[in-house]
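Structure file run-v7.txt (compact mmCIF, C-alpha atoms and all ligand atoms) is printed below.
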# COMPACT_ATOMS: atom_id res chain seq x y z
CA MET A 1 -7.08 7.34 -39.41
CA ARG A 2 -9.50 4.71 -38.11
CA VAL A 3 -11.94 6.05 -35.55
CA LEU A 4 -14.38 4.22 -33.31
CA GLY A 5 -17.59 6.25 -32.80
CA ILE A 6 -19.93 5.77 -29.85
CA GLU A 7 -23.42 7.28 -29.51
CA THR A 8 -25.41 6.86 -26.27
CA SER A 9 -27.14 10.21 -25.76
CA CYS A 10 -30.70 8.89 -25.54
CA ASP A 11 -32.37 5.58 -26.33
CA GLU A 12 -30.17 4.11 -29.06
CA THR A 13 -26.76 2.52 -28.62
CA GLY A 14 -24.81 3.26 -31.80
CA VAL A 15 -21.29 2.14 -32.69
CA ALA A 16 -19.32 2.59 -35.91
CA VAL A 17 -15.83 2.57 -37.34
CA PHE A 18 -14.95 5.31 -39.84
CA ASP A 19 -11.71 5.25 -41.80
CA THR A 20 -10.66 8.64 -43.19
CA GLU A 21 -9.19 6.89 -46.24
CA ASN A 22 -11.77 4.19 -46.92
CA GLY A 23 -14.97 5.64 -45.48
CA LEU A 24 -17.41 3.87 -43.19
CA LEU A 25 -16.18 0.34 -42.41
CA ALA A 26 -19.03 -0.89 -40.18
CA HIS A 27 -21.87 0.37 -38.02
CA HIS A 28 -24.29 -1.21 -35.56
CA LEU A 29 -27.30 0.14 -33.74
CA PHE A 30 -29.38 -1.18 -30.91
CA SER A 31 -32.67 0.62 -30.33
CA GLN A 32 -34.27 0.55 -26.86
CA ILE A 33 -37.74 1.29 -28.23
CA ASP A 34 -39.30 -1.91 -26.84
CA LEU A 35 -37.88 -1.19 -23.39
CA HIS A 36 -39.39 2.31 -23.15
CA ALA A 37 -42.63 1.60 -25.05
CA LEU A 38 -44.16 0.16 -21.87
CA TYR A 39 -43.82 3.58 -20.21
CA GLY A 40 -44.86 5.74 -23.17
CA GLY A 41 -41.51 7.55 -23.29
CA VAL A 42 -37.79 7.27 -22.50
CA VAL A 43 -37.01 6.37 -18.87
CA PRO A 44 -33.50 7.79 -18.29
CA GLU A 45 -32.35 5.24 -15.70
CA LEU A 46 -33.44 2.31 -17.88
CA ALA A 47 -31.72 3.90 -20.86
CA SER A 48 -28.38 4.14 -18.97
CA ARG A 49 -28.60 0.56 -17.75
CA ASP A 50 -29.32 -0.76 -21.22
CA HIS A 51 -26.39 1.16 -22.71
CA VAL A 52 -24.19 -0.55 -20.07
CA ARG A 53 -25.51 -3.93 -21.22
CA LYS A 54 -25.28 -3.35 -24.97
CA LEU A 55 -22.32 -1.11 -25.61
CA VAL A 56 -19.37 -3.51 -25.23
CA PRO A 57 -20.96 -6.38 -27.23
CA LEU A 58 -21.87 -3.85 -29.92
CA ILE A 59 -18.27 -2.60 -30.09
CA ARG A 60 -17.11 -6.22 -30.48
CA ASP A 61 -19.62 -6.87 -33.31
CA THR A 62 -18.76 -3.64 -35.11
CA LEU A 63 -15.02 -4.28 -34.94
CA ALA A 64 -15.51 -7.84 -36.17
CA GLU A 65 -17.53 -6.59 -39.14
CA SER A 66 -14.96 -3.92 -39.96
CA GLY A 67 -12.21 -6.55 -40.07
CA LEU A 68 -10.16 -4.58 -37.54
CA GLU A 69 -8.71 -5.44 -34.15
CA LEU A 70 -9.13 -3.04 -31.25
CA THR A 71 -5.41 -2.25 -31.56
CA ASP A 72 -5.92 -1.04 -35.17
CA LEU A 73 -7.87 1.98 -33.94
CA ASP A 74 -6.26 5.42 -34.11
CA GLY A 75 -8.85 7.30 -32.07
CA VAL A 76 -12.18 7.14 -30.27
CA ALA A 77 -15.07 9.61 -30.61
CA TYR A 78 -18.13 9.72 -28.39
CA THR A 79 -21.21 11.86 -27.94
CA ALA A 80 -20.40 14.21 -25.05
CA GLY A 81 -23.79 15.99 -25.14
CA PRO A 82 -26.45 17.20 -25.25
CA GLY A 83 -28.53 14.31 -23.94
CA LEU A 84 -29.44 12.30 -20.86
CA VAL A 85 -26.61 12.58 -18.34
CA GLY A 86 -26.49 8.92 -17.28
CA ALA A 87 -26.73 7.67 -20.84
CA LEU A 88 -23.98 10.04 -21.99
CA LEU A 89 -21.71 8.97 -19.11
CA VAL A 90 -21.89 5.32 -20.20
CA GLY A 91 -20.59 6.19 -23.69
CA ALA A 92 -18.03 8.67 -22.38
CA GLY A 93 -16.73 6.21 -19.76
CA VAL A 94 -16.30 3.36 -22.21
CA ALA A 95 -14.85 5.60 -24.94
CA ARG A 96 -12.31 7.22 -22.63
CA SER A 97 -11.31 3.84 -21.17
CA VAL A 98 -10.82 2.22 -24.58
CA ALA A 99 -8.76 5.21 -25.75
CA TRP A 100 -6.67 5.24 -22.58
CA SER A 101 -5.99 1.50 -22.72
CA LEU A 102 -4.88 1.76 -26.37
CA GLY A 103 -2.92 4.97 -25.89
CA VAL A 104 -4.89 6.73 -28.65
CA PRO A 105 -6.68 10.12 -28.50
CA ALA A 106 -10.35 10.50 -27.63
CA VAL A 107 -12.66 13.34 -28.56
CA GLY A 108 -16.13 14.31 -27.33
CA VAL A 109 -18.56 15.21 -30.12
CA HIS A 110 -21.63 17.46 -30.00
CA HIS A 111 -24.59 15.24 -30.88
CA MET A 112 -26.09 17.88 -33.20
CA GLU A 113 -22.79 18.36 -35.01
CA GLY A 114 -22.92 14.62 -35.64
CA HIS A 115 -26.39 15.00 -37.17
CA LEU A 116 -25.30 18.08 -39.12
CA LEU A 117 -22.38 16.26 -40.76
CA ALA A 118 -24.23 12.95 -41.35
CA PRO A 119 -25.06 13.83 -45.00
CA LEU A 120 -21.29 13.84 -45.62
CA LEU A 121 -21.20 10.11 -44.89
CA GLU A 122 -22.73 9.58 -48.34
CA PRO A 123 -19.88 9.08 -50.83
CA GLU A 124 -21.42 11.32 -53.53
CA ALA A 125 -21.86 14.17 -51.02
CA GLN A 126 -18.17 14.11 -50.16
CA GLU A 127 -17.47 15.31 -53.73
CA ARG A 128 -20.31 17.81 -54.06
CA LEU A 129 -21.16 19.11 -50.60
CA LYS A 130 -18.87 21.88 -49.39
CA PRO A 131 -19.59 24.74 -46.98
CA PRO A 132 -21.03 27.31 -46.96
CA PHE A 133 -24.54 25.84 -46.72
CA VAL A 134 -27.68 26.13 -44.65
CA ALA A 135 -28.56 23.18 -42.42
CA LEU A 136 -32.00 22.33 -41.14
CA LEU A 137 -31.62 20.20 -38.00
CA VAL A 138 -34.90 18.56 -37.09
CA SER A 139 -34.82 15.97 -34.33
CA GLY A 140 -36.73 15.05 -31.20
CA GLY A 141 -34.91 17.75 -29.23
CA HIS A 142 -34.00 20.39 -31.83
CA THR A 143 -35.42 22.45 -34.68
CA GLN A 144 -32.65 24.70 -35.86
CA LEU A 145 -31.54 26.52 -38.97
CA ILE A 146 -27.78 26.90 -39.06
CA HIS A 147 -25.49 28.75 -41.43
CA VAL A 148 -22.50 26.43 -41.82
CA ARG A 149 -19.61 28.63 -42.97
CA GLY A 150 -17.09 25.84 -42.47
CA ILE A 151 -16.69 22.68 -40.39
CA GLY A 152 -16.87 23.96 -36.81
CA ASP A 153 -17.95 27.47 -37.91
CA TYR A 154 -21.68 27.59 -37.23
CA GLU A 155 -24.12 30.49 -36.93
CA LEU A 156 -27.54 29.81 -35.46
CA LEU A 157 -30.14 31.48 -37.68
CA GLY A 158 -33.35 30.11 -36.17
CA ASP A 159 -34.53 27.92 -33.33
CA THR A 160 -37.76 26.73 -31.79
CA LEU A 161 -39.41 28.69 -29.01
CA ASP A 162 -41.09 25.59 -27.59
CA ASP A 163 -41.46 22.03 -28.94
CA ALA A 164 -38.99 20.61 -31.44
CA ALA A 165 -40.44 19.29 -34.72
CA GLY A 166 -39.89 15.64 -33.75
CA GLU A 167 -41.33 16.29 -30.31
CA ALA A 168 -44.42 17.79 -31.98
CA PHE A 169 -44.76 14.63 -34.11
CA ASP A 170 -44.40 12.42 -31.01
CA LYS A 171 -46.81 14.42 -28.82
CA THR A 172 -49.41 14.73 -31.58
CA ALA A 173 -49.24 10.98 -32.16
CA LYS A 174 -49.66 10.34 -28.43
CA LEU A 175 -52.73 12.55 -28.11
CA MET A 176 -54.39 10.55 -30.88
CA GLY A 177 -53.64 7.37 -28.96
CA LEU A 178 -50.66 6.09 -30.97
CA PRO A 179 -47.99 4.15 -29.07
CA TYR A 180 -44.47 5.45 -28.39
CA PRO A 181 -42.50 6.46 -30.40
CA GLY A 182 -45.33 8.04 -32.29
CA GLY A 183 -43.55 10.29 -34.82
CA PRO A 184 -42.70 7.67 -37.45
CA LEU A 185 -46.13 6.02 -36.97
CA LEU A 186 -47.91 9.34 -37.47
CA ALA A 187 -45.89 9.89 -40.66
CA GLN A 188 -46.90 6.42 -41.82
CA LEU A 189 -50.60 7.21 -41.27
CA ALA A 190 -50.24 10.56 -43.03
CA LEU A 191 -49.22 8.75 -46.22
CA GLU A 192 -52.77 7.34 -46.43
CA GLY A 193 -54.50 10.53 -45.26
CA THR A 194 -56.64 12.81 -47.41
CA ALA A 195 -54.87 16.07 -48.20
CA GLY A 196 -56.85 19.21 -47.38
CA ARG A 197 -59.55 17.67 -45.15
CA PHE A 198 -57.92 19.18 -42.04
CA LYS A 199 -56.09 22.46 -42.42
CA PHE A 200 -53.93 23.65 -39.53
CA THR A 201 -52.03 26.93 -39.24
CA ARG A 202 -48.41 27.26 -40.32
CA PRO A 203 -47.05 28.69 -37.06
CA MET A 204 -45.02 31.93 -37.19
CA THR A 205 -44.96 32.12 -40.98
CA ASP A 206 -47.17 35.25 -41.07
CA ARG A 207 -44.32 37.43 -39.80
CA PRO A 208 -40.67 37.76 -40.74
CA GLY A 209 -38.04 35.74 -38.91
CA LEU A 210 -36.60 32.27 -38.62
CA GLN A 211 -38.01 31.16 -35.28
CA PHE A 212 -40.33 28.15 -34.94
CA SER A 213 -43.13 27.29 -32.54
CA PHE A 214 -44.94 23.97 -32.74
CA SER A 215 -46.80 23.68 -29.45
CA GLY A 216 -49.92 25.54 -30.67
CA LEU A 217 -50.23 23.15 -33.60
CA LYS A 218 -50.43 20.24 -31.20
CA THR A 219 -53.34 21.97 -29.39
CA GLN A 220 -55.14 22.50 -32.71
CA VAL A 221 -54.80 18.81 -33.47
CA LEU A 222 -56.12 17.90 -30.04
CA MET A 223 -59.24 20.03 -30.59
CA ALA A 224 -59.80 18.60 -34.08
CA TRP A 225 -59.36 15.03 -32.81
CA GLN A 226 -61.69 15.51 -29.82
CA GLN A 227 -64.40 17.05 -32.00
CA SER A 228 -64.11 14.37 -34.70
CA ASP A 229 -65.68 10.92 -35.14
CA GLN A 230 -62.25 9.43 -34.25
CA THR A 231 -62.37 6.81 -36.99
CA ALA A 232 -59.20 5.32 -38.43
CA GLN A 233 -59.61 7.39 -41.62
CA THR A 234 -60.07 10.61 -39.64
CA GLN A 235 -56.90 9.80 -37.74
CA ARG A 236 -55.03 9.42 -41.05
CA ASP A 237 -56.53 12.68 -42.38
CA ILE A 238 -55.57 14.62 -39.25
CA ALA A 239 -52.09 13.10 -39.40
CA ARG A 240 -51.86 14.29 -43.01
CA GLY A 241 -53.06 17.80 -42.13
CA PHE A 242 -50.57 18.01 -39.26
CA GLU A 243 -47.67 16.76 -41.34
CA GLU A 244 -48.48 19.20 -44.13
CA ALA A 245 -48.49 22.10 -41.68
CA VAL A 246 -45.08 21.07 -40.29
CA VAL A 247 -43.58 20.42 -43.73
CA ASP A 248 -44.88 23.73 -45.14
CA THR A 249 -43.57 25.65 -42.14
CA LEU A 250 -40.13 24.04 -42.34
CA ALA A 251 -39.93 24.61 -46.12
CA MET A 252 -40.91 28.29 -45.83
CA LYS A 253 -38.30 28.93 -43.15
CA CYS A 254 -35.62 27.06 -45.13
CA GLU A 255 -36.29 29.39 -48.05
CA ARG A 256 -35.95 32.44 -45.85
CA ALA A 257 -32.74 31.10 -44.29
CA LEU A 258 -31.21 30.39 -47.72
CA ASP A 259 -32.03 33.97 -48.76
CA ALA A 260 -30.66 35.42 -45.52
CA ALA A 261 -27.41 33.46 -45.75
CA ASP A 262 -27.21 33.85 -49.54
CA CYS A 263 -26.67 30.10 -50.00
CA ASP A 264 -27.87 27.68 -52.66
CA THR A 265 -27.20 24.47 -50.76
CA LEU A 266 -29.42 22.99 -48.09
CA VAL A 267 -28.56 20.12 -45.76
CA VAL A 268 -31.26 18.37 -43.78
CA ALA A 269 -30.48 16.15 -40.80
CA GLY A 270 -32.01 14.68 -37.65
CA GLY A 271 -34.82 12.15 -37.17
CA VAL A 272 -37.53 14.21 -38.89
CA GLY A 273 -35.24 14.35 -41.93
CA ALA A 274 -36.37 10.75 -42.55
CA ASN A 275 -39.89 12.05 -43.29
CA ARG A 276 -40.81 11.25 -46.89
CA ASN A 277 -43.01 14.28 -47.47
CA LEU A 278 -40.42 16.64 -46.03
CA ARG A 279 -37.74 15.15 -48.26
CA ALA A 280 -39.95 15.45 -51.36
CA ARG A 281 -40.94 19.06 -50.55
CA LEU A 282 -37.37 20.22 -49.94
CA GLN A 283 -36.16 18.44 -53.05
CA GLN A 284 -38.81 20.30 -55.05
CA LEU A 285 -37.91 23.62 -53.39
CA MET A 286 -34.22 23.26 -54.16
CA SER A 287 -34.77 22.20 -57.75
CA GLU A 288 -36.99 25.29 -58.24
CA ARG A 289 -34.15 27.40 -56.82
CA ASP A 290 -31.52 25.64 -58.96
CA GLY A 291 -29.77 24.61 -55.79
CA GLN A 292 -28.80 21.34 -54.13
CA VAL A 293 -30.26 19.53 -51.15
CA HIS A 294 -28.49 16.78 -49.22
CA PHE A 295 -30.00 14.31 -46.78
CA PRO A 296 -28.37 11.45 -44.94
CA ARG A 297 -29.76 8.02 -45.84
CA PRO A 298 -32.87 7.50 -43.64
CA ALA A 299 -30.97 5.21 -41.22
CA PHE A 300 -28.47 8.01 -40.55
CA CYS A 301 -31.17 10.67 -40.03
CA THR A 302 -31.99 9.18 -36.63
CA ASP A 303 -29.35 8.62 -33.94
CA ASN A 304 -26.42 6.45 -34.96
CA GLY A 305 -22.74 5.83 -34.26
CA ALA A 306 -21.57 6.56 -37.83
CA MET A 307 -22.23 10.30 -37.58
CA ILE A 308 -20.26 10.47 -34.33
CA ALA A 309 -17.33 8.48 -35.76
CA TYR A 310 -17.29 10.83 -38.77
CA ALA A 311 -17.56 14.11 -36.85
CA GLY A 312 -14.97 12.81 -34.37
CA ALA A 313 -12.58 11.81 -37.17
CA LEU A 314 -12.71 15.36 -38.57
CA ARG A 315 -11.96 16.81 -35.13
CA LEU A 316 -9.14 14.35 -34.45
CA LEU A 317 -7.63 15.10 -37.87
CA ALA A 318 -7.76 18.78 -36.92
CA GLY A 319 -5.69 17.92 -33.85
CA GLN A 320 -8.40 18.13 -31.19
CA ARG A 321 -7.86 15.96 -28.14
CA GLN A 322 -9.71 15.44 -24.88
CA GLY A 323 -8.01 15.14 -21.48
CA PRO A 324 -8.29 11.85 -19.57
CA GLU A 325 -11.20 13.02 -17.38
CA ILE A 326 -14.67 11.64 -18.11
CA THR A 327 -17.01 14.60 -18.55
CA VAL A 328 -20.28 15.11 -20.41
CA GLN A 329 -22.49 18.14 -21.13
CA PRO A 330 -26.18 17.24 -20.91
CA ARG A 331 -26.99 20.84 -21.98
CA TRP A 332 -24.69 22.22 -24.60
CA ASP A 333 -25.18 24.88 -27.28
CA MET A 334 -23.40 23.98 -30.50
O1 LIG B 1 -32.46 12.50 -34.30
P1 LIG B 1 -33.31 11.58 -33.53
O2 LIG B 1 -33.20 10.11 -33.77
O3 LIG B 1 -33.12 11.75 -32.00
C1 LIG B 1 -32.90 12.98 -31.39
O4 LIG B 1 -31.73 13.41 -31.36
O5 LIG B 1 -33.91 13.56 -30.98
O6 LIG B 1 -34.82 12.06 -33.81
C2 LIG B 1 -35.90 11.40 -33.26
C3 LIG B 1 -37.15 12.17 -33.67
C4 LIG B 1 -38.37 11.65 -32.95
O7 LIG B 1 -39.07 12.75 -32.42
C5 LIG B 1 -39.17 10.97 -34.07
O8 LIG B 1 -40.55 11.03 -33.87
C6 LIG B 1 -38.76 11.76 -35.28
O9 LIG B 1 -37.39 12.04 -35.07
N1 LIG B 1 -38.95 11.00 -36.51
C7 LIG B 1 -39.83 11.34 -37.48
C8 LIG B 1 -39.72 10.35 -38.49
N2 LIG B 1 -38.78 9.43 -38.10
C9 LIG B 1 -38.33 9.86 -36.88
N3 LIG B 1 -40.67 12.38 -37.59
C10 LIG B 1 -41.41 12.46 -38.70
N4 LIG B 1 -41.38 11.56 -39.70
C11 LIG B 1 -40.55 10.50 -39.64
N5 LIG B 1 -40.52 9.61 -40.64
ZN ZN B 2 -30.35 12.85 -32.40
Could you express the structure from this file as structure tokens?
Amino acid sequence: MRVLGIETSCDETGVAVFDTENGLLAHHLFSQIDLHALYGGVVPELASRDHVRKLVPLIRDTLAESGLELTDLDGVAYTAGPGLVGALLVGAGVARSVAWSLGVPAVGVHHMEGHLLAPLLEPEAQERLKPPFVALLVSGGHTQLIHVRGIGDYELLGDTLDDAAGEAFDKTAKLMGLPYPGGPLLAQLALEGTAGRFKFTRPMTDRPGLQFSFSGLKTQVLMAWQQSDQTAQTQRDIARGFEEAVVDTLAMKCERALDAADCDTLVVAGGVGANRNLRARLQQLMSERDGQVHFPRPAFCTDNGAMIAYAGALRLLAGQRQGPEITVQPRWDM
């Protein structure tokens, strides 16, 4: 089955073709970062308009690269939520129309299920990675620990009470004057920061439980930054201290979740999953526990069409179909 995947939930237009027999055939991504950078954050109306401009050419390019014609497709998958309503509607409208015109089924995919299954796009994971496992989903909108008992059988173990991990990276970067999108830049600075010069708390690790809270950490960074000499090196050192606090907190909660779910496999997905220190720490944790950890390749940690094509292909294979109406769910629990 050859499935076209379309992702337009936020500020990236992602398109891919996944073949259930031959794997990923092609994928293309257009990031709107330059468009929103002027405003210091995503402007929803501009995001929708840019998806309108980019989506159809991107579908053409992706199909050309895959060597397929539109009529070779057996199904279309699109992100139905959660996300920005206008942006989602662009993807849903195009996906439904393509499917209708070809007479093939369409299926709406939960964006976070796309992230969750992205590690399975890696050929070696398809052999080794089987549920049950614990997934850490860390993106700009989510910080969740999920017990994956099977594909589509998910139990939420822990969630954030306030900011998501990626949001904390972005807001912390912004308060130290870094341009949007600050998270990856902050991580870059942290690589050259001095470990241990700034020590921030590991929120909610002093009590049992799997909940997260990152907004207090951001306030601690603000105080440290305001009281500092604000040199470039201090900025790197604070970035390092912040990143270590987030990485430690996430690692501690992963350990607890693995114990609670009695699992020895961890899957990490979402934009923050591209963080080098987080990857190294979780790799170390899982080798100490004699378990396995799986990450998507860094390009598939952040938003992309491949994860949607893959998650959609699994759902279409399982017989799921969407009616002809064009609906999206900007807020949607997985
Ligand atoms: O999954 P994603 O692309 O979009 C959402 O669904 O939110 O995640 C984007 C988030 C942003 O908050 C960004 O700052 C963060 O992931 N991010 C990172 C890194 N790369 C992206 N955070 C820390 N370190 C990184 N290397
Ligand atoms: Zn995402």
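The residue that comes closest to Asp74 (chain A), out of A:Ala26, A:Leu189, A:Leu46, A:Gly312 and on the basis of all atoms listed in the file, is A:Gly312.
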### Task
List the neighbours of Ala251 (chain A) out to 9 Å using all atoms listed in the file; skip same-chain residues closer than 6 positions along the sequence, and give me the result as a list in words.
Leu278, Arg281, Leu282 and Leu285 of chain A
How would the residues just chosen look if you wrote them out with C-alpha atoms as a PDB file, in the coordinates of the input?
ATOM      1  CA  LEU A 278     -40.420  16.640 -46.030  1.00  0.00           C
ATOM      2  CA  ARG A 281     -40.940  19.060 -50.550  1.00  0.00           C
ATOM      3  CA  LEU A 282     -37.370  20.220 -49.940  1.00  0.00           C
ATOM      4  CA  LEU A 285     -37.910  23.620 -53.390  1.00  0.00           C
TER       5      LEU A 285
END
Among A:Ala232, A:Ala274, A:Val17, A:Val148, ligand ZN 2 (chain B) is approached most closely, using only C-alpha atoms and all ligand atoms, by A:Ala274
For Ala280 (chain A), the closest of A:Val56, A:Leu70, A:His142, A:Glu244 counting all atoms listed in the file is A:Glu244
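The smallest atom-to-atom distance between Arg256 (chain A) and any of A:Val107, A:Leu29, A:Ala125, A:Leu210, using only C-alpha atoms, is found for A:Leu210.
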Counting all atoms listed in the file, the residue among A:Val85, A:Met112, A:Ala261, A:Leu4 that lies closest to Asp303 (chain A) is A:Met112
Exercise answer, 8 Å around ligand ZN 2 (chain B) with all atoms listed in the file, as a list in words |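 Taking all atoms listed in the file into account, the residues around ligand ZN 2 (chain B) at most 8 Å away are Ser9, Cys10, His111, Met112, His115, Ser139, Gly140, Gly141, Gly270, Gly271, Cys301, Thr302, Asp303 and Asn304 of chain A.
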**Request:** Compute the set of protein, DNA and RNA residues whose minimum atom distance to ligand LIG 1 (chain B) is at most 10 Å, using only C-alpha atoms and all ligand atoms, and state it as a ChimeraX atom specification.
**Result:** /A:9-12,82-83,111-112,114-115,137-143,164-173,180-188,190,243,246-247,269-279,298-304
Using CA of Gly196 (chain A) and CA of Met286 (chain A) as the two end points, give the distance in Å to one decimal.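 Interatomic distance here is 24.0 Å.
Between CA of Met204 (chain A) and CA of Gln284 (chain A) lies a distance of 22.2 Å.
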Residues within 7 Å of Phe133 (chain A), please, as a ChimeraX atom specification. Count only C-alpha atoms; anything in the same chain fewer than 6 positions from it doesn't count.
/A:147-149,263,265-266
Of A:Arg236, A:Arg2, A:Arg96, A:His36, the one sitting nearest Ala195 (chain A) when using only C-alpha atoms is A:Arg236
Who sits within 10 Å of Leu38 (chain A), all atoms listed in the file, same chain under 4 positions skipped, as a CSV table (one decimal) with C-alpha atoms, keeping the file's coordinate frame:
chain,number,residue,atom,x,y,z
A,33,ILE,CA,-37.7,1.3,-28.2
A,34,ASP,CA,-39.3,-1.9,-26.8
A,42,VAL,CA,-37.8,7.3,-22.5
A,43,VAL,CA,-37.0,6.4,-18.9
A,179,PRO,CA,-48.0,4.2,-29.1
A,180,TYR,CA,-44.5,5.4,-28.4
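Distance-wise, CA of Leu156 (chain A) and CA of Glu7 (chain A) end up 23.7 Å apart.
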List as a ChimeraX atom specification the protein and nucleic acid residues near Arg53 (chain A), meaning an atom at most 12 Å away when all atoms listed in the file are counted, but skip any in the same chain fewer than 2 places from it. /A:8,13,30,32,46-51,55-59,87,90-91,94
Write out, as a PDB file, in the frame of the given file, the residues just selected, with C-alpha atoms.
ATOM      1  CA  THR A   8     -25.410   6.860 -26.270  1.00  0.00           C
ATOM      2  CA  THR A  13     -26.760   2.520 -28.620  1.00  0.00           C
ATOM      3  CA  PHE A  30     -29.380  -1.180 -30.910  1.00  0.00           C
ATOM      4  CA  GLN A  32     -34.270   0.550 -26.860  1.00  0.00           C
ATOM      5  CA  LEU A  46     -33.440   2.310 -17.880  1.00  0.00           C
ATOM      6  CA  ALA A  47     -31.720   3.900 -20.860  1.00  0.00           C
ATOM      7  CA  SER A  48     -28.380   4.140 -18.970  1.00  0.00           C
ATOM      8  CA  ARG A  49     -28.600   0.560 -17.750  1.00  0.00           C
ATOM      9  CA  ASP A  50     -29.320  -0.760 -21.220  1.00  0.00           C
ATOM     10  CA  HIS A  51     -26.390   1.160 -22.710  1.00  0.00           C
ATOM     11  CA  LEU A  55     -22.320  -1.110 -25.610  1.00  0.00           C
ATOM     12  CA  VAL A  56     -19.370  -3.510 -25.230  1.00  0.00           C
ATOM     13  CA  PRO A  57     -20.960  -6.380 -27.230  1.00  0.00           C
ATOM     14  CA  LEU A  58     -21.870  -3.850 -29.920  1.00  0.00           C
ATOM     15  CA  ILE A  59     -18.270  -2.600 -30.090  1.00  0.00           C
ATOM     16  CA  ALA A  87     -26.730   7.670 -20.840  1.00  0.00           C
ATOM     17  CA  VAL A  90     -21.890   5.320 -20.200  1.00  0.00           C
ATOM     18  CA  GLY A  91     -20.590   6.190 -23.690  1.00  0.00           C
ATOM     19  CA  VAL A  94     -16.300   3.360 -22.210  1.00  0.00           C
TER      20      VAL A  94
END
Distance query Ala260 (chain A) at most 12 Å, all atoms listed in the file, self and fewer than 4 positions along chain excluded, as a PyMOL selection string
chain A and resi 133-134+145-147+155-158+208-210+253-256+264
